[in-house]
>>> print(open('target-v3.cif').read())   # mmCIF, C-alpha atoms
data_protein
loop_
_atom_site.label_atom_id
_atom_site.label_comp_id
_atom_site.auth_asym_id
_atom_site.auth_seq_id
_atom_site.Cartn_x
_atom_site.Cartn_y
_atom_site.Cartn_z
CA MET A 66 111.70 30.80 97.01
CA ALA A 67 114.40 32.53 94.98
CA ALA A 68 114.03 36.17 93.99
CA ASP A 69 113.44 37.07 90.33
CA LYS A 70 116.64 38.82 89.21
CA ARG A 71 114.75 41.12 86.86
CA THR A 72 112.05 42.28 89.27
CA GLY A 73 113.38 41.59 92.74
CA LYS A 74 110.12 39.75 93.45
CA ARG A 75 110.16 36.27 94.90
CA SER A 76 109.31 33.67 92.30
CA LYS A 77 106.38 31.37 92.79
CA LYS A 78 106.54 27.64 92.09
CA ASN A 79 107.53 26.61 88.59
CA THR A 80 104.97 23.81 88.34
CA ARG A 81 102.98 24.60 85.23
CA PRO A 82 99.18 24.47 85.58
CA HIS A 83 97.52 22.48 82.79
CA LEU A 84 95.91 25.71 81.57
CA PHE A 85 99.40 26.89 80.61
CA ASP A 86 100.57 23.70 78.93
CA PRO A 87 101.30 24.26 75.24
CA LEU A 88 98.97 22.64 72.71
CA THR A 89 100.07 21.40 69.30
CA LEU A 90 97.64 21.24 66.38
CA ARG A 91 98.99 20.01 63.02
CA GLY A 92 102.50 20.71 64.18
CA LEU A 93 101.68 24.32 65.17
CA GLU A 94 102.49 24.91 68.83
CA ILE A 95 100.17 27.23 70.75
CA ARG A 96 101.80 28.50 73.93
CA ASN A 97 98.88 27.81 76.27
CA ARG A 98 95.22 26.79 76.52
CA VAL A 99 93.80 30.29 77.16
CA TRP A 100 92.38 31.67 73.90
CA LEU A 101 90.53 34.78 72.86
CA PRO A 102 87.25 33.88 71.14
CA PRO A 103 85.90 35.83 68.17
CA MET A 104 83.77 38.73 69.42
CA ASP A 105 82.15 41.21 67.07
CA THR A 106 83.27 44.81 67.51
CA TYR A 107 81.26 46.43 64.65
CA SER A 108 84.10 48.89 64.17
CA ALA A 109 84.87 48.97 60.43
CA PHE A 110 83.32 52.43 60.41
CA ALA A 111 84.00 53.11 56.72
CA GLN A 112 81.77 50.08 55.95
CA ASP A 113 84.45 48.74 53.59
CA GLY A 114 85.27 45.60 55.58
CA LYS A 115 88.76 46.81 56.43
CA PRO A 116 90.08 46.54 59.99
CA THR A 117 91.43 49.73 61.51
CA PRO A 118 93.94 50.88 64.15
CA PHE A 119 91.27 50.06 66.72
CA HIS A 120 91.44 46.40 65.66
CA TYR A 121 95.25 46.47 65.92
CA GLN A 122 95.08 47.78 69.47
CA HIS A 123 92.27 45.40 70.40
CA TYR A 124 93.91 42.19 69.20
CA VAL A 125 97.58 42.91 69.79
CA SER A 126 96.93 44.00 73.37
CA ARG A 127 95.37 40.60 74.08
CA ALA A 128 98.34 38.86 72.47
CA LEU A 129 100.68 40.88 74.70
CA GLY A 130 98.41 39.92 77.60
CA GLY A 131 99.31 36.26 77.20
CA PHE A 132 96.50 34.66 75.20
CA GLY A 133 97.70 31.58 73.32
CA MET A 134 95.47 31.99 70.28
CA VAL A 135 93.73 35.19 69.26
CA ILE A 136 90.74 34.51 67.01
CA ALA A 137 89.65 37.60 65.12
CA GLU A 138 85.95 38.39 65.03
CA ALA A 139 83.41 37.15 62.46
CA THR A 140 84.98 38.16 59.15
CA ALA A 141 82.58 38.18 56.23
CA VAL A 142 83.26 36.22 53.04
CA SER A 143 81.12 38.66 51.04
CA PRO A 144 79.50 42.06 51.59
CA GLU A 145 76.13 40.32 52.01
CA GLY A 146 77.73 37.97 54.53
CA ARG A 147 78.30 40.73 57.06
CA ILE A 148 76.31 40.73 60.27
CA SER A 149 76.22 44.53 60.29
CA PRO A 150 77.38 47.21 57.85
CA ASN A 151 80.39 47.75 60.12
CA ASP A 152 81.73 44.18 60.04
CA VAL A 153 85.22 43.34 58.84
CA GLY A 154 85.74 41.12 55.82
CA LEU A 155 88.09 39.20 53.56
CA TRP A 156 86.19 39.43 50.29
CA ASN A 157 88.79 41.53 48.45
CA ASP A 158 92.55 41.96 48.28
CA ASP A 159 92.58 45.43 49.85
CA GLN A 160 91.33 43.80 53.04
CA VAL A 161 94.30 41.40 52.99
CA GLU A 162 96.71 44.31 53.28
CA ALA A 163 94.61 45.93 56.01
CA TRP A 164 94.79 42.74 58.10
CA ARG A 165 98.49 42.02 57.58
CA TRP A 166 99.97 44.41 60.16
CA ILE A 167 97.47 43.21 62.75
CA VAL A 168 98.34 39.58 62.09
CA ASP A 169 102.05 40.36 62.30
CA GLY A 170 101.51 42.19 65.60
CA ILE A 171 99.65 39.25 67.13
CA ARG A 172 102.33 36.78 66.06
CA ASP A 173 105.20 39.02 67.16
CA ALA A 174 103.59 39.18 70.62
CA GLY A 175 103.75 35.39 70.88
CA ALA A 176 100.16 34.39 70.11
CA VAL A 177 98.78 32.42 67.19
CA PRO A 178 96.72 34.69 64.90
CA ALA A 179 93.48 33.06 63.75
CA VAL A 180 90.41 34.39 61.95
CA GLN A 181 86.77 33.33 61.96
CA LEU A 182 85.18 33.29 58.50
CA ASN A 183 81.43 33.83 58.39
CA HIS A 184 78.35 34.34 56.29
CA SER A 185 75.56 35.89 58.33
CA GLY A 186 72.61 34.49 56.40
CA ARG A 187 69.23 35.61 57.72
CA LYS A 188 70.89 37.42 60.66
CA GLY A 189 72.76 39.82 58.38
CA SER A 190 72.04 43.49 57.71
CA THR A 191 71.41 44.12 61.40
CA GLY A 192 72.05 47.21 63.46
CA SER A 193 74.75 48.03 65.97
CA PHE A 194 75.92 50.89 68.15
CA ALA A 195 77.72 52.23 65.08
CA VAL A 196 74.71 52.54 62.75
CA GLY A 197 71.71 52.36 65.05
CA TYR A 198 68.78 49.99 64.47
CA GLU A 199 70.09 47.79 67.31
CA GLY A 200 68.08 44.59 67.51
CA GLN A 201 66.54 45.30 64.10
CA SER A 202 67.26 44.88 60.42
CA VAL A 203 68.90 47.90 58.82
CA PRO A 204 66.56 49.27 56.09
CA LEU A 205 67.76 49.14 52.50
CA ASP A 206 67.80 52.94 52.25
CA ALA A 207 70.01 53.14 55.36
CA GLY A 208 72.72 50.80 54.07
CA GLY A 209 71.05 47.43 54.63
CA TRP A 210 70.61 44.61 52.13
CA GLN A 211 68.39 41.67 51.25
CA THR A 212 69.38 38.72 53.43
CA VAL A 213 69.47 35.08 52.34
CA ALA A 214 68.85 31.75 54.05
CA PRO A 215 68.21 28.08 53.32
CA SER A 216 64.46 28.75 53.62
CA PRO A 217 62.35 31.94 53.78
CA ILE A 218 62.02 31.94 57.58
CA ALA A 219 62.82 35.13 59.48
CA PHE A 220 64.75 35.33 62.74
CA GLY A 221 62.34 36.87 65.22
CA ASP A 222 61.35 40.34 63.99
CA TYR A 223 64.20 40.62 61.50
CA ALA A 224 63.46 41.08 57.78
CA MET A 225 62.35 38.06 55.79
CA PRO A 226 65.30 36.38 54.02
CA ARG A 227 65.27 35.15 50.44
CA GLU A 228 65.77 31.43 49.83
CA LEU A 229 69.08 30.58 48.18
CA SER A 230 69.22 28.67 44.92
CA VAL A 231 71.55 25.68 44.58
CA GLU A 232 73.73 27.71 42.23
CA GLU A 233 74.00 30.47 44.84
CA ILE A 234 74.92 27.92 47.50
CA HIS A 235 77.77 26.72 45.32
CA GLY A 236 78.87 30.34 44.97
CA ILE A 237 78.99 30.77 48.75
CA VAL A 238 81.28 27.73 49.03
CA GLU A 239 83.63 29.48 46.61
CA GLN A 240 83.40 32.68 48.65
CA PHE A 241 84.61 30.78 51.71
CA ARG A 242 87.44 29.25 49.66
CA ALA A 243 88.55 32.66 48.36
CA ALA A 244 88.33 34.28 51.79
CA ALA A 245 90.41 31.46 53.30
CA SER A 246 93.05 31.95 50.61
CA ARG A 247 93.19 35.65 51.48
CA ALA A 248 93.46 34.79 55.18
CA VAL A 249 96.50 32.65 54.45
CA ARG A 250 98.04 35.46 52.40
CA ALA A 251 97.42 37.88 55.28
CA GLY A 252 99.45 35.57 57.53
CA PHE A 253 96.76 33.97 59.70
CA GLN A 254 98.08 30.69 61.08
CA ALA A 255 94.67 29.13 61.78
CA ILE A 256 91.17 29.54 60.38
CA GLU A 257 87.83 29.00 62.08
CA ILE A 258 84.59 28.43 60.14
CA HIS A 259 81.57 29.96 61.87
CA ALA A 260 78.80 27.37 61.90
CA ALA A 261 77.12 28.57 65.11
CA HIS A 262 74.80 31.20 66.56
CA GLY A 263 72.20 31.17 63.82
CA TYR A 264 74.33 32.43 60.97
CA LEU A 265 74.12 30.84 57.53
CA LEU A 266 75.92 27.53 58.04
CA SER A 267 74.06 26.78 61.27
CA GLU A 268 70.79 27.75 59.56
CA PHE A 269 71.41 24.93 57.09
CA LEU A 270 72.16 22.47 59.91
CA ASP A 271 69.04 23.14 61.98
CA PRO A 272 65.75 21.45 60.99
CA LEU A 273 63.80 24.42 62.38
CA THR A 274 65.43 26.82 59.92
CA ASN A 275 66.05 24.51 56.95
CA GLU A 276 62.91 23.26 55.20
CA ARG A 277 64.55 22.52 51.84
CA SER A 278 63.65 19.41 49.88
CA ASP A 279 66.75 19.33 47.65
CA GLU A 280 70.23 17.98 48.40
CA TYR A 281 70.85 20.71 51.00
CA GLY A 282 67.83 19.90 53.19
CA GLY A 283 66.01 16.96 54.71
CA ASP A 284 67.99 14.46 56.75
CA LEU A 285 71.12 15.33 58.71
CA ASN A 286 73.51 14.20 55.99
CA ASP A 287 71.94 16.65 53.55
CA ARG A 288 71.61 19.47 56.09
CA MET A 289 75.33 19.19 56.90
CA ARG A 290 76.29 19.06 53.21
CA LEU A 291 77.03 22.79 52.90
CA LEU A 292 79.22 22.85 56.01
CA ILE A 293 81.21 19.84 54.77
CA GLU A 294 81.66 21.45 51.36
CA VAL A 295 82.84 24.67 53.01
CA ALA A 296 85.27 22.75 55.23
CA ASP A 297 86.70 20.96 52.20
CA ALA A 298 87.02 24.23 50.29
CA VAL A 299 88.75 26.04 53.14
CA ARG A 300 91.06 23.13 53.93
CA SER A 301 92.08 22.92 50.26
CA VAL A 302 93.79 26.33 50.33
CA MET A 303 95.39 26.08 53.78
CA PRO A 304 98.96 24.90 54.44
CA ASP A 305 99.19 21.40 55.88
CA ASN A 306 100.48 22.77 59.19
CA SER A 307 97.63 25.26 59.66
CA PRO A 308 94.82 24.10 61.97
CA LEU A 309 91.20 24.31 60.83
CA LEU A 310 88.57 24.98 63.52
CA VAL A 311 84.78 24.98 63.30
CA ARG A 312 82.53 26.80 65.77
CA VAL A 313 79.19 25.12 66.45
CA SER A 314 76.16 25.69 68.62
CA ALA A 315 75.70 22.34 70.34
CA THR A 316 71.99 23.05 70.90
CA ASP A 317 69.49 25.68 69.83
CA TRP A 318 67.65 25.18 73.16
CA ALA A 319 64.39 24.52 71.28
CA ALA A 320 62.28 21.36 71.14
CA GLY A 321 62.61 19.50 67.85
CA GLY A 322 65.64 21.54 66.78
CA TRP A 323 69.39 21.21 66.81
CA ASP A 324 70.85 19.15 69.67
CA LEU A 325 73.96 17.52 71.07
CA ASP A 326 73.55 14.19 69.25
CA GLN A 327 73.44 15.95 65.88
CA THR A 328 76.41 18.07 66.91
CA ILE A 329 78.46 14.97 67.71
CA ALA A 330 77.55 13.43 64.35
CA VAL A 331 78.63 16.58 62.51
CA ALA A 332 81.86 16.78 64.54
CA ARG A 333 82.72 13.21 63.54
CA ALA A 334 82.13 14.05 59.90
CA LEU A 335 84.19 17.22 60.12
CA ARG A 336 87.10 15.34 61.69
CA SER A 337 87.27 13.16 58.57
CA HIS A 338 87.32 16.29 56.40
CA GLY A 339 90.44 17.85 57.87
CA VAL A 340 88.98 19.76 60.82
CA ASP A 341 91.25 19.73 63.85
CA LEU A 342 89.15 21.26 66.63
CA ILE A 343 85.51 22.06 67.42
CA ASP A 344 84.82 25.36 69.18
CA VAL A 345 81.71 24.50 71.17
CA SER A 346 79.12 27.14 71.99
CA THR A 347 75.29 27.04 72.11
CA GLY A 348 72.23 29.03 71.10
CA GLY A 349 71.70 31.97 68.79
CA ILE A 350 69.81 29.98 66.17
CA ILE A 351 66.20 30.35 67.31
CA ALA A 352 64.81 33.62 68.68
CA GLY A 353 63.02 33.82 72.01
CA VAL A 354 64.31 30.63 73.65
CA THR A 355 65.30 30.35 77.30
CA ILE A 356 69.01 29.68 77.84
CA PRO A 357 70.05 28.49 81.33
CA ALA A 358 73.16 30.66 81.44
CA GLU A 359 75.39 30.22 84.48
CA PRO A 360 79.16 29.88 84.97
CA GLY A 361 80.46 27.05 82.80
CA TYR A 362 77.03 26.14 81.43
CA GLN A 363 78.40 25.22 78.01
CA VAL A 364 81.34 23.15 79.25
CA PRO A 365 79.42 19.81 79.36
CA PHE A 366 78.68 20.17 75.65
CA ALA A 367 82.37 20.61 74.84
CA SER A 368 83.15 17.60 77.02
CA GLU A 369 80.61 15.36 75.27
CA VAL A 370 81.74 16.38 71.79
CA ARG A 371 85.36 15.75 72.74
CA LYS A 372 84.56 12.34 74.17
CA HIS A 373 82.14 11.00 71.58
CA ALA A 374 83.51 12.58 68.40
CA ASP A 375 87.14 11.95 69.37
CA ILE A 376 88.17 15.47 68.41
CA ARG A 377 89.73 18.32 70.32
CA THR A 378 87.42 21.02 71.63
CA THR A 379 87.37 24.40 73.30
CA ALA A 380 84.93 25.50 75.97
CA VAL A 381 83.45 28.99 76.23
CA GLY A 382 80.74 30.79 78.14
CA LEU A 383 80.92 32.58 81.51
CA ILE A 384 84.38 31.22 82.28
CA THR A 385 85.91 34.00 84.36
CA LYS A 386 88.11 32.49 87.10
CA ALA A 387 91.61 31.04 86.74
CA LYS A 388 90.91 27.93 88.83
CA GLN A 389 87.65 27.35 86.97
CA ALA A 390 89.47 27.47 83.63
CA ASP A 391 92.33 25.25 84.78
CA LYS A 392 89.91 22.67 86.15
CA ILE A 393 88.15 22.42 82.77
CA VAL A 394 91.41 21.57 81.04
CA ASN A 395 92.69 19.38 83.89
CA ARG A 396 89.50 17.27 83.89
CA GLY A 397 89.73 16.79 80.13
CA ASP A 398 86.43 18.54 79.46
CA ALA A 399 88.11 20.60 76.76
CA ASP A 400 91.58 21.12 75.33
CA ALA A 401 91.43 24.90 75.69
CA VAL A 402 89.16 27.54 77.18
CA GLU A 403 88.08 30.80 75.60
CA ILE A 404 87.83 33.91 77.75
CA GLY A 405 85.44 36.37 76.14
CA ARG A 406 83.76 39.13 78.10
CA ALA A 407 86.28 38.89 80.91
CA ALA A 408 88.97 39.61 78.30
CA LEU A 409 87.13 42.77 77.27
CA ARG A 410 87.48 43.93 80.86
CA ASN A 411 91.09 42.81 81.21
CA PRO A 412 93.31 42.26 78.15
CA TYR A 413 95.92 40.70 80.46
CA TRP A 414 93.64 38.03 81.91
CA PRO A 415 96.12 35.18 81.22
CA LEU A 416 98.95 36.92 83.10
CA ARG A 417 96.67 37.43 86.11
CA ALA A 418 95.52 33.80 85.86
CA ALA A 419 99.11 32.59 85.78
CA TYR A 420 99.75 34.43 89.03
CA LYS A 421 96.58 33.07 90.63
CA LEU A 422 97.60 29.53 89.68
CA GLY A 423 101.09 29.92 91.14
CA LEU A 424 103.06 30.12 87.91
CA SER A 425 106.35 31.95 88.20
CA THR A 426 106.99 35.29 86.54
CA GLU A 427 109.58 33.62 84.31
CA ALA A 428 107.14 30.96 83.12
CA ALA A 429 104.06 33.16 82.74
CA GLY A 430 105.13 34.61 79.42
CA TYR A 431 105.42 38.29 80.26
CA PRO A 432 106.72 40.52 77.48
CA ASP A 433 110.13 41.77 78.57
CA GLN A 434 108.80 45.32 78.66
CA TYR A 435 106.14 44.34 81.24
CA VAL A 436 108.21 42.25 83.66
CA ARG A 437 108.64 45.14 86.11
CA GLY A 438 104.87 45.17 86.53
CA ALA A 439 104.51 41.43 87.12
CA TYR A 440 102.01 40.30 89.74
#
>>> encode(input="target-v3.cif", output="structure tokens")
Amino acid sequence: MAADKRTGKRSKKNTRPHLFDPLTLRGLEIRNRVWLPPMDTYSAFAQDGKPTPFHYQHYVSRALGGFGMVIAEATAVSPEGRISPNDVGLWNDDQVEAWRWIVDGIRDAGAVPAVQLNHSGRKGSTGSFAVGYEGQSVPLDAGGWQTVAPSPIAFGDYAMPRELSVEEIHGIVEQFRAAASRAVRAGFQAIEIHAAHGYLLSEFLDPLTNERSDEYGGDLNDRMRLLIEVADAVRSVMPDNSPLLVRVSATDWAAGGWDLDQTIAVARALRSHGVDLIDVSTGGIIAGVTIPAEPGYQVPFASEVRKHADIRTTAVGLITKAKQADKIVNRGDADAVEIGRAALRNPYWPLRAAYKLGLSTEAAGYPDQYVRGAY
């Protein structure tokens, strides 16, 4: 093995593991298949939806650490669409400017900046470490708000939501469109629609949370109507070369509820409406269910959606080891993996994984300033 001229260290083999193959979506090249998933930080402490220097440090450090795509946390399309009072948003132009330097920092570090747009639905107005009331609804007199949903069915012990009118549903579609337009203006190169984990769009999909009898409830085609309308609205304001992602829960882990077959049907429909990739997760829709969590437990869902809906997918959920992640991509179970909690522990997880998989220092993607510290 030849020595690295910059570090004096002996280079490892230059064979590129599949985890570090670039991926192209709509002509946009992403440098590898290791992505940072959206993870709520509840850190817009002024409760104005604006990201802060904390968010800059949080996201740009992961971009410097080698992640291929950095997907910013659930970003509300309206004040009432926040999960907690301390969520970030893109419901006004001031927030565009607050995001711009973060987006530029992610891109300058070599990663693709993406953002997840969300409406929290019946799981909004909830507590966090920042405001208290953890695991509860925040009272109206403490900064909370009336939540909304497809049907007046509460999530566990949370406050009862109000049923949305058809006119209000149409308004929410426009909120997603406007937020997507702001995301593009802020410089985000990809957008993800959050239709998982029991927030508003997944509440419409699931028969256990949607008991409507109008055009937005009933059979699967009507329950997916809102998500399709949102996808169309978001796609309409995005550049042709910007990928559109949708995050789904492939099952709610409850009898008679949302399942893999319905997920595959929705993924097929989304593919025909300009969606480029399905970010496959599970759960979060129904309270009190048992989830058989173990390393890689959600990967089979991503594999089945990829195979049967003929669309690219990502896998997420207790993926912590480099060889585990590379095997998922190598087997064709998913096109990329998302490293969540392990990335909170180590912002440079991809650089460590590259070393573990035998990728050379030159090929691993180190920032020039960090080469002296290469593994």
>>> resolve_selection(input="target-v3.cif", expression="the PyMOL selection byres ((chain A and resi 259) around 12)", output="PyMOL selection string")
chain A and resi 102-104+136-142+146+180-186+241+256-258+260-268+292+295-296+299+309-314+343-346
>>> residues_around(input="target-v3.cif", residues="region 269-273 of chain A", least_positions_apart="2", cutoff="8 Å", atoms="all atoms listed in the file", output="ChimeraX atom specification")
/A:214-215,265-267,275-276,281-283,285,288-289,291,321-323
>>> residues_around(input="target-v3.cif", residues="Asp297 (chain A)", least_positions_apart="4", cutoff="12 Å", atoms="all atoms listed in the file", output="list in words")
Val238, Glu239, Phe241, Arg242, Ala245, Ile258, Arg290, Leu291, Leu292, Ile293, Ser301, Val302, Met303, Leu309, Val311, Ala334, Leu335, Arg336, Ser337, His338, Gly339 and Val340 of chain A
>>> closest_residue(input="target-v3.cif", among="A:Pro365, A:Gly252, A:Gly382, A:Pro116", to="Gly405 (chain A)", atoms="all atoms listed in the file")
A:Gly382
>>> residues_around(input="target-v3.cif", residues="Ile393 (chain A)", least_positions_apart="3", cutoff="12 Å", atoms="all atoms listed in the file", output="PyMOL selection string")
chain A and resi 82-84+98-99+360-365+367-368+378-381+384-390+396-403
>>> closest_residue(input="target-v3.cif", among="A:Leu409, A:Ala219, A:Glu427, A:Gln201", to="Tyr124 (chain A)", atoms="only C-alpha atoms")
A:Leu409
>>> residues_near_point(input="target-v3.cif", point="(68.5, 27.9, 48.5)", cutoff="7 Å", atoms="only C-alpha atoms", output="list in words")
Ala214, Pro215, Ser216, Glu228, Leu229, Ser230, Val231 and Ile234 of chain A
>>> closest_residue(input="target-v3.cif", among="A:Val161, A:Ala128, A:Ile350, A:Ala224", to="Arg96 (chain A)", atoms="only C-alpha atoms")
A:Ala128
>>> residues_around(input="target-v3.cif", residues="Pro412 (chain A)", least_positions_apart="3", cutoff="7 Å", atoms="all atoms listed in the file", output="PyMOL selection string")
chain A and resi 126-127+130+408-409
>>> atom_distance(input="target-v3.cif", atom1="CA of Asn97 (chain A)", atom2="CA of Asn306 (chain A)")
17.9 Å
>>> closest_residue(input="target-v3.cif", among="A:Ile351, A:Ile356, A:Val196, A:Ile404", to="Leu383 (chain A)", atoms="all atoms listed in the file")
A:Ile404
